[in-house]
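File shown here: work.cif, holding mmCIF, C-alpha atoms.
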```cif
data_upload
loop_
_atom_site.label_atom_id
_atom_site.label_comp_id
_atom_site.auth_asym_id
_atom_site.auth_seq_id
_atom_site.Cartn_x
_atom_site.Cartn_y
_atom_site.Cartn_z
CA MET A 24 93.95 93.96 123.58
CA LYS A 25 92.67 94.06 120.03
CA LEU A 26 91.67 97.27 118.33
CA ALA A 27 90.07 97.19 114.90
CA TYR A 28 89.43 99.98 112.44
CA LEU A 29 87.73 99.67 109.08
CA LEU A 30 88.43 101.89 106.11
CA VAL A 31 86.33 101.44 102.97
CA VAL A 32 87.66 103.49 100.10
CA LEU A 33 86.69 104.37 96.56
CA ILE A 34 90.18 104.75 95.29
CA THR A 35 92.56 106.48 92.99
CA LEU A 36 96.11 107.16 93.96
CA SER A 37 95.29 110.81 94.58
CA ALA A 38 96.27 111.68 98.15
CA CYS A 39 93.30 112.54 100.31
CA ALA A 40 93.27 113.06 104.06
CA PRO A 41 90.88 110.69 105.82
CA VAL A 42 87.79 112.16 107.39
CA VAL A 43 86.23 110.55 110.45
CA SER A 44 82.48 110.27 110.15
CA LYS A 45 80.86 112.03 113.10
CA GLU A 46 77.78 109.81 112.88
CA ARG A 47 79.86 106.66 113.32
CA SER A 48 82.83 107.95 115.28
CA GLU A 49 82.11 105.42 118.01
CA ASP A 50 82.91 102.66 115.52
CA ASN A 51 86.15 104.32 114.39
CA VAL A 52 85.05 104.25 110.76
CA ILE A 53 87.09 106.39 108.39
CA ASN A 54 85.88 107.35 104.92
CA ASN A 55 87.86 108.67 101.98
CA GLU A 56 85.95 110.08 99.05
CA ILE A 57 88.18 109.22 96.12
CA LYS A 58 87.21 108.23 92.58
CA PRO A 59 87.57 104.53 91.64
CA GLY A 60 89.64 102.79 89.03
CA THR A 61 92.85 104.70 88.37
CA GLU A 62 95.95 102.98 87.03
CA LEU A 63 98.57 102.33 89.68
CA ASN A 64 101.83 104.09 88.99
CA VAL A 65 103.07 105.57 92.26
CA VAL A 66 106.16 104.39 94.12
CA GLN A 67 107.34 105.98 97.35
CA GLU A 68 111.08 106.52 97.45
CA SER A 69 113.37 107.91 100.11
CA PRO A 70 117.06 108.72 99.50
CA GLY A 71 119.15 105.90 100.91
CA TYR A 72 116.07 104.02 102.08
CA PRO A 73 114.06 102.57 99.20
CA GLY A 74 110.61 101.30 100.03
CA TYR A 75 107.54 102.43 101.89
CA LEU A 76 108.15 104.19 105.19
CA ALA A 77 105.90 104.08 108.24
CA LYS A 78 104.89 107.36 109.84
CA ASN A 79 106.58 106.27 113.08
CA GLU A 80 109.65 104.06 113.10
CA GLY A 81 108.61 102.16 116.20
CA GLY A 82 105.01 101.25 115.44
CA LEU A 83 102.04 101.12 113.11
CA THR A 84 98.72 102.97 113.12
CA ILE A 85 95.66 103.34 110.93
CA GLN A 86 97.35 106.51 109.61
CA ASP A 87 99.74 104.23 107.68
CA SER A 88 96.82 102.92 105.61
CA GLU A 89 97.38 105.07 102.53
CA THR A 90 101.07 104.19 102.26
CA ALA A 91 100.28 100.51 102.89
CA TYR A 92 97.70 100.66 100.12
CA GLU A 93 100.18 102.21 97.69
CA MET A 94 102.70 99.47 98.51
CA CYS A 95 100.24 96.61 98.10
CA ALA A 96 98.77 98.09 94.93
CA ARG A 97 102.23 98.46 93.43
CA ALA A 98 103.16 94.93 94.48
CA LEU A 99 100.05 93.64 92.69
CA THR A 100 100.82 95.61 89.55
CA ASP A 101 104.42 94.37 89.45
CA TYR A 102 103.25 90.82 90.21
CA TYR A 103 100.76 90.68 87.35
CA LYS A 104 103.27 92.17 84.92
CA ALA A 105 105.85 89.60 86.04
CA VAL A 106 103.35 86.78 85.49
CA TRP A 107 101.95 87.93 82.14
CA ASN A 108 104.74 90.08 80.67
CA GLY A 109 107.84 88.46 82.13
CA THR A 110 109.08 91.71 83.64
CA ALA A 111 111.18 91.87 86.81
CA ILE A 112 109.71 92.40 90.27
CA GLU A 113 111.82 93.68 93.16
CA LEU A 114 110.41 91.62 96.02
CA ASP A 115 112.85 93.19 98.50
CA THR A 116 110.88 96.43 98.14
CA PHE A 117 107.74 94.77 99.50
CA ILE A 118 108.74 91.70 101.51
CA ASP A 119 111.24 91.12 104.32
CA ASN A 120 110.53 87.46 105.18
CA GLU A 121 112.68 85.04 103.16
CA ASN A 122 110.09 82.26 103.25
CA LEU A 123 107.42 84.53 101.77
CA LYS A 124 109.89 85.77 99.15
CA GLN A 125 110.66 82.22 98.04
CA TYR A 126 106.99 81.30 97.96
CA THR A 127 106.18 84.40 95.89
CA GLN A 128 109.02 83.72 93.47
CA LYS A 129 107.79 80.18 92.94
CA LYS A 130 104.23 81.43 92.55
CA ILE A 131 105.31 83.92 89.88
CA GLN A 132 107.31 81.29 87.98
CA SER A 133 104.44 78.81 88.11
CA GLN A 134 101.92 81.37 86.88
CA TYR A 135 104.28 82.67 84.19
CA ASP A 136 104.72 79.14 82.84
CA VAL A 137 100.94 79.01 82.41
CA TYR A 138 100.12 82.49 81.13
CA ALA A 139 103.13 83.72 79.14
CA GLN A 140 102.24 81.42 76.26
CA PHE A 141 99.11 83.48 75.56
CA ASN A 142 101.19 86.60 74.81
CA ASP A 143 98.42 88.77 76.26
CA LYS A 144 100.34 91.55 77.96
CA VAL A 145 99.08 93.36 81.05
CA GLN A 146 98.57 97.03 80.24
CA ASN A 147 97.61 98.29 83.68
CA VAL A 148 95.96 97.30 86.94
CA GLU A 149 93.06 99.16 88.55
CA ILE A 150 91.86 98.89 92.14
CA ASP A 151 88.20 99.34 93.02
CA ALA A 152 86.77 99.94 96.51
CA TRP A 153 89.32 98.65 99.03
CA GLU A 154 89.24 97.92 102.73
CA VAL A 155 91.75 98.19 105.52
CA GLU A 156 91.61 97.15 109.16
CA TYR A 157 94.14 97.81 111.92
CA THR A 158 94.75 95.27 114.69
CA ASP A 159 96.90 95.99 117.73
CA ASP A 160 99.19 93.27 119.09
CA VAL A 161 102.38 92.88 121.13
CA ASP A 162 104.56 93.31 118.03
CA GLY A 163 103.32 96.79 117.16
CA GLY A 164 100.14 95.96 115.30
CA PHE A 165 99.37 95.09 111.70
CA LEU A 166 97.11 96.19 108.87
CA TYR A 167 94.77 93.94 106.90
CA LEU A 168 94.02 95.17 103.38
CA LYS A 169 91.60 93.76 100.84
CA LEU A 170 92.19 94.93 97.26
CA PRO A 171 89.85 94.02 94.38
CA ALA A 172 92.01 94.32 91.27
CA LYS A 173 91.01 94.60 87.63
CA ILE A 174 93.82 93.37 85.37
CA ASN A 175 93.56 95.06 81.98
CA LYS A 176 95.38 93.17 79.26
CA ALA A 177 95.95 93.75 75.56
CA VAL A 178 92.87 91.64 74.89
CA GLY A 179 90.19 91.76 77.58
CA GLY A 180 90.89 91.49 81.25
CA SER A 181 90.07 89.74 84.49
CA GLY A 182 89.50 90.46 88.16
CA GLU A 183 90.81 89.06 91.43
CA VAL A 184 90.62 89.97 95.10
CA THR A 185 93.86 89.80 97.09
CA GLU A 186 94.24 90.11 100.86
CA PHE A 187 97.38 91.51 102.50
CA LEU A 188 98.84 91.78 105.98
CA VAL A 189 101.31 94.61 106.56
CA ARG A 190 103.67 95.31 109.46
CA ASN A 191 106.20 97.99 110.33
CA ILE A 192 109.67 96.41 110.33
CA ASN A 193 112.37 98.85 111.44
CA GLY A 194 110.42 101.82 110.17
CA LYS A 195 109.56 100.28 106.82
CA LEU A 196 106.15 98.93 105.83
CA VAL A 197 106.40 95.37 104.54
CA ILE A 198 103.95 92.73 103.38
CA VAL A 199 104.02 89.81 105.81
CA ASP A 200 101.35 87.76 104.02
CA TRP A 201 99.22 87.97 100.89
CA TYR A 202 96.65 85.59 99.50
CA THR A 203 94.42 85.48 96.42
CA ASN A 204 91.38 83.24 96.75
CA THR A 205 90.82 82.59 93.04
CA LYS A 206 89.52 79.12 92.27
CA ASP A 207 92.29 76.94 90.82
CA GLY A 208 94.78 79.77 91.36
CA TYR A 209 98.19 79.15 92.90
CA ASP A 210 97.30 80.18 96.46
CA PHE A 211 94.02 78.29 96.22
CA MET A 212 95.77 75.09 95.16
CA VAL A 213 98.91 75.27 97.35
CA ARG A 214 97.69 76.94 100.55
CA GLY A 215 94.02 75.97 100.45
CA ALA A 216 90.66 77.52 99.66
CA ASN A 217 88.78 80.27 101.47
CA LEU A 218 91.41 80.89 104.13
CA THR A 219 91.07 83.49 106.86
CA ILE A 220 94.06 85.81 106.50
CA ASP A 221 94.73 87.07 110.02
CA ASN A 222 98.12 85.72 111.13
CA PRO A 223 100.95 88.17 110.39
CA ASP A 224 103.55 85.71 111.71
CA ILE A 225 102.52 82.71 109.63
CA TRP A 226 105.63 82.76 107.41
CA ASN A 227 107.82 82.54 110.52
CA ASN A 228 106.26 79.15 111.31
CA SER A 229 108.83 76.73 109.93
CA GLU A 230 106.60 73.68 110.41
CA TRP A 231 103.74 75.28 108.48
CA VAL A 232 106.09 76.43 105.71
CA LYS A 233 107.59 72.95 105.46
CA LYS A 234 104.14 71.46 104.82
CA LEU A 235 103.76 73.66 101.74
CA ASP A 236 106.78 71.88 100.21
CA ILE A 237 107.75 74.90 98.16
CA ILE A 238 110.68 76.41 100.03
CA THR A 239 114.22 75.63 98.86
CA ASP A 240 117.47 76.31 100.71
#
```

Could you quickly redo this structure as structure tokens?
Amino acid sequence: MKLAYLLVVLITLSACAPVVSKERSEDNVINNEIKPGTELNVVQESPGYPGYLAKNEGGLTIQDSETAYEMCARALTDYYKAVWNGTAIELDTFIDNENLKQYTQKKIQSQYDVYAQFNDKVQNVEIDAWEVEYTDDVDGGFLYLKLPAKINKAVGGSGEVTEFLVRNINGKLVIVDWYTNTKDGYDFMVRGANLTIDNPDIWNNSEWVKKLDIITD
């Protein structure tokens, strides 16, 4: 059985409880009224358990959307600063799958080799209206998030849209896939263009990973 929920948000990182629209309750549409375009600077921490915790250890629901958003937004911010500024990114905070970690590390190194020479440091990252959808499956369900990011640099800026899939792994929210469909970008060139991001188990597929020719032992 597949259950889908859609959350379209005008976003800052201010916490705001979701309100279900009575007019569209049959469609399970949830709206948050939050102002757009605030710099991302929030990290969830728990003593002895760093990372982003699910509301329920054994599963995932649409109520995990806000925490999943914070995680993905922070991952994007740290990613862009790693690429442009050369700063460290703690992938273990966001990703559990070793194949996806290795791919992301190679992606960061490849992009850094291109962009660091411009010495145009990322100052902050802003997220505009974002979307989230919950899908139920036999492994506890997953969230799909679509984040349009504005990357503000010392001189000018740019924008990209990144899609994420998030699961609950042992009570912790983790990114199980992410993809940026920017023309001539790393994902675009290595994984392909205009992909549908809907398989939360794709990085467990050793044959598919092998075809990418980017994973090292």

Correct to one decimal, the distance atom CA of Arg214 of chain A-atom CA of Lys144 of chain A is 27.0 Å

Can you give me, as a ChimeraX atom specification, the residues this file yields under the PyMOL selection byres ((chain A and resi 215-231) around 10)?
/A:120-124,126,158,162,164-168,186-190,198-214,232-236

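Applied to the shown file, the PyMOL selection byres ((chain A and resi 197) around 10) selects the residues Gly74, Tyr75, Leu76, Ala77, Ala91, Met94, Cys95, Asp115, Thr116, Phe117, Ile118, Asp119, Asn120, Leu188, Val189, Arg190, Asn191, Ile192, Asn193, Gly194, Lys195, Leu196, Ile198, Val199 and Asp200 of chain A.
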
Is there a way to get, as number ranges by chain, all residues within 7 Å of the point (101.7, 84.8, 83.0) in file coordinates, counting only C-alpha atoms?
A: 106-108, 134-139

Using the chain letters and residue numbers of this document, give as a list in words the residues selected by the PyMOL selection byres ((chain A and resi 111) around 12).
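Output from the PyMOL selection byres ((chain A and resi 111) around 12), applied to this file: Ala98, Thr100, Asp101, Tyr102, Tyr103, Lys104, Ala105, Val106, Trp107, Asn108, Gly109, Thr110, Ile112, Glu113, Leu114, Asp115, Gln128, Ile131, Gln132 and Tyr135 of chain A.
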
I'd like the interatomic distance between atom CA of Glu183 of chain A and atom CA of Ala96 of chain A, to a tenth of an Å.
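So the two atoms, atom CA of Glu183 of chain A and atom CA of Ala96 of chain A, lie 12.5 Å apart.
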
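For the pair atom CA of Asp143 of chain A and atom CA of Ala177 of chain A, the separation is 5.6 Å.
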
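The smallest atom-to-atom distance between Gly82 of chain A and any of A:Asp160, A:Ala152, A:Asn142, A:Arg97, using all atoms listed in the file, is found for A:Asp160.
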
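Among A:Lys129, A:Phe141, A:Gln146, A:Leu99, the residue with the shortest atom-to-atom distance to Pro171 of chain A, counting only C-alpha atoms, is A:Leu99.
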
Considering all atoms listed in the file, state which residue in the set A:Lys173, A:Val155, A:Val148, A:Ile237 is at the smallest distance from Thr90 of chain A.
A:Val155

Hey, could you patch up segment 184-207 of chain A with N, CA, C and O atoms and hand it over as a tab-separated table (two decimals), keeping the file's coordinate frame?
```tsv
chain	number	residue	atom	x	y	z
A	184	VAL	N	90.53	89.29	93.81
A	184	VAL	CA	90.62	89.97	95.10
A	184	VAL	C	91.80	89.38	95.87
A	184	VAL	O	91.89	88.16	96.03
A	185	THR	N	92.69	90.24	96.34
A	185	THR	CA	93.86	89.80	97.09
A	185	THR	C	93.85	90.44	98.47
A	185	THR	O	93.54	91.63	98.61
A	186	GLU	N	94.17	89.64	99.48
A	186	GLU	CA	94.24	90.11	100.86
A	186	GLU	C	95.70	90.21	101.29
A	186	GLU	O	96.51	89.33	100.96
A	187	PHE	N	96.02	91.26	102.04
A	187	PHE	CA	97.38	91.51	102.50
A	187	PHE	C	97.41	91.73	104.00
A	187	PHE	O	96.46	92.28	104.57
A	188	LEU	N	98.52	91.36	104.62
A	188	LEU	CA	98.84	91.78	105.98
A	188	LEU	C	100.14	92.56	105.93
A	188	LEU	O	101.09	92.13	105.27
A	189	VAL	N	100.16	93.70	106.62
A	189	VAL	CA	101.31	94.61	106.56
A	189	VAL	C	101.77	94.94	107.98
A	189	VAL	O	100.95	95.23	108.85
A	190	ARG	N	103.08	94.90	108.19
A	190	ARG	CA	103.67	95.31	109.46
A	190	ARG	C	104.69	96.43	109.22
A	190	ARG	O	105.12	96.69	108.08
A	191	ASN	N	105.09	97.06	110.32
A	191	ASN	CA	106.20	97.99	110.33
A	191	ASN	C	107.43	97.23	110.83
A	191	ASN	O	107.47	96.80	111.99
A	192	ILE	N	108.42	97.07	109.96
A	192	ILE	CA	109.67	96.41	110.33
A	192	ILE	C	110.79	97.45	110.24
A	192	ILE	O	111.16	97.88	109.14
A	193	ASN	N	111.28	97.88	111.39
A	193	ASN	CA	112.37	98.85	111.44
A	193	ASN	C	112.06	100.12	110.67
A	193	ASN	O	112.91	100.67	109.95
A	194	GLY	N	110.83	100.58	110.80
A	194	GLY	CA	110.42	101.82	110.17
A	194	GLY	C	109.94	101.70	108.75
A	194	GLY	O	109.53	102.70	108.14
A	195	LYS	N	109.96	100.51	108.20
A	195	LYS	CA	109.56	100.28	106.82
A	195	LYS	C	108.32	99.39	106.78
A	195	LYS	O	108.26	98.35	107.46
A	196	LEU	N	107.32	99.78	106.01
A	196	LEU	CA	106.15	98.93	105.83
A	196	LEU	C	106.50	97.76	104.92
A	196	LEU	O	107.10	97.95	103.86
A	197	VAL	N	106.14	96.56	105.35
A	197	VAL	CA	106.40	95.37	104.54
A	197	VAL	C	105.18	94.47	104.56
A	197	VAL	O	104.40	94.44	105.52
A	198	ILE	N	105.02	93.73	103.48
A	198	ILE	CA	103.95	92.73	103.38
A	198	ILE	C	104.42	91.48	104.10
A	198	ILE	O	105.48	90.92	103.77
A	199	VAL	N	103.64	91.02	105.08
A	199	VAL	CA	104.02	89.81	105.81
A	199	VAL	C	103.17	88.61	105.41
A	199	VAL	O	103.47	87.47	105.79
A	200	ASP	N	102.12	88.85	104.64
A	200	ASP	CA	101.35	87.76	104.02
A	200	ASP	C	100.48	88.36	102.94
A	200	ASP	O	100.05	89.51	103.04
A	201	TRP	N	100.24	87.61	101.88
A	201	TRP	CA	99.22	87.97	100.89
A	201	TRP	C	98.66	86.72	100.26
A	201	TRP	O	99.34	85.70	100.12
A	202	TYR	N	97.39	86.79	99.90
A	202	TYR	CA	96.65	85.59	99.50
A	202	TYR	C	95.55	85.99	98.53
A	202	TYR	O	94.79	86.94	98.79
A	203	THR	N	95.47	85.25	97.42
A	203	THR	CA	94.42	85.48	96.42
A	203	THR	C	93.56	84.23	96.34
A	203	THR	O	94.04	83.16	95.99
A	204	ASN	N	92.29	84.38	96.66
A	204	ASN	CA	91.38	83.24	96.75
A	204	ASN	C	90.64	83.01	95.43
A	204	ASN	O	89.42	82.98	95.37
A	205	THR	N	91.41	82.88	94.35
A	205	THR	CA	90.82	82.59	93.04
A	205	THR	C	90.80	81.09	92.82
A	205	THR	O	91.83	80.42	92.97
A	206	LYS	N	89.64	80.57	92.45
A	206	LYS	CA	89.52	79.12	92.27
A	206	LYS	C	90.53	78.62	91.25
A	206	LYS	O	90.69	79.18	90.17
A	207	ASP	N	91.25	77.57	91.64
A	207	ASP	CA	92.29	76.94	90.82
A	207	ASP	C	93.52	77.83	90.65
A	207	ASP	O	94.41	77.49	89.87
```
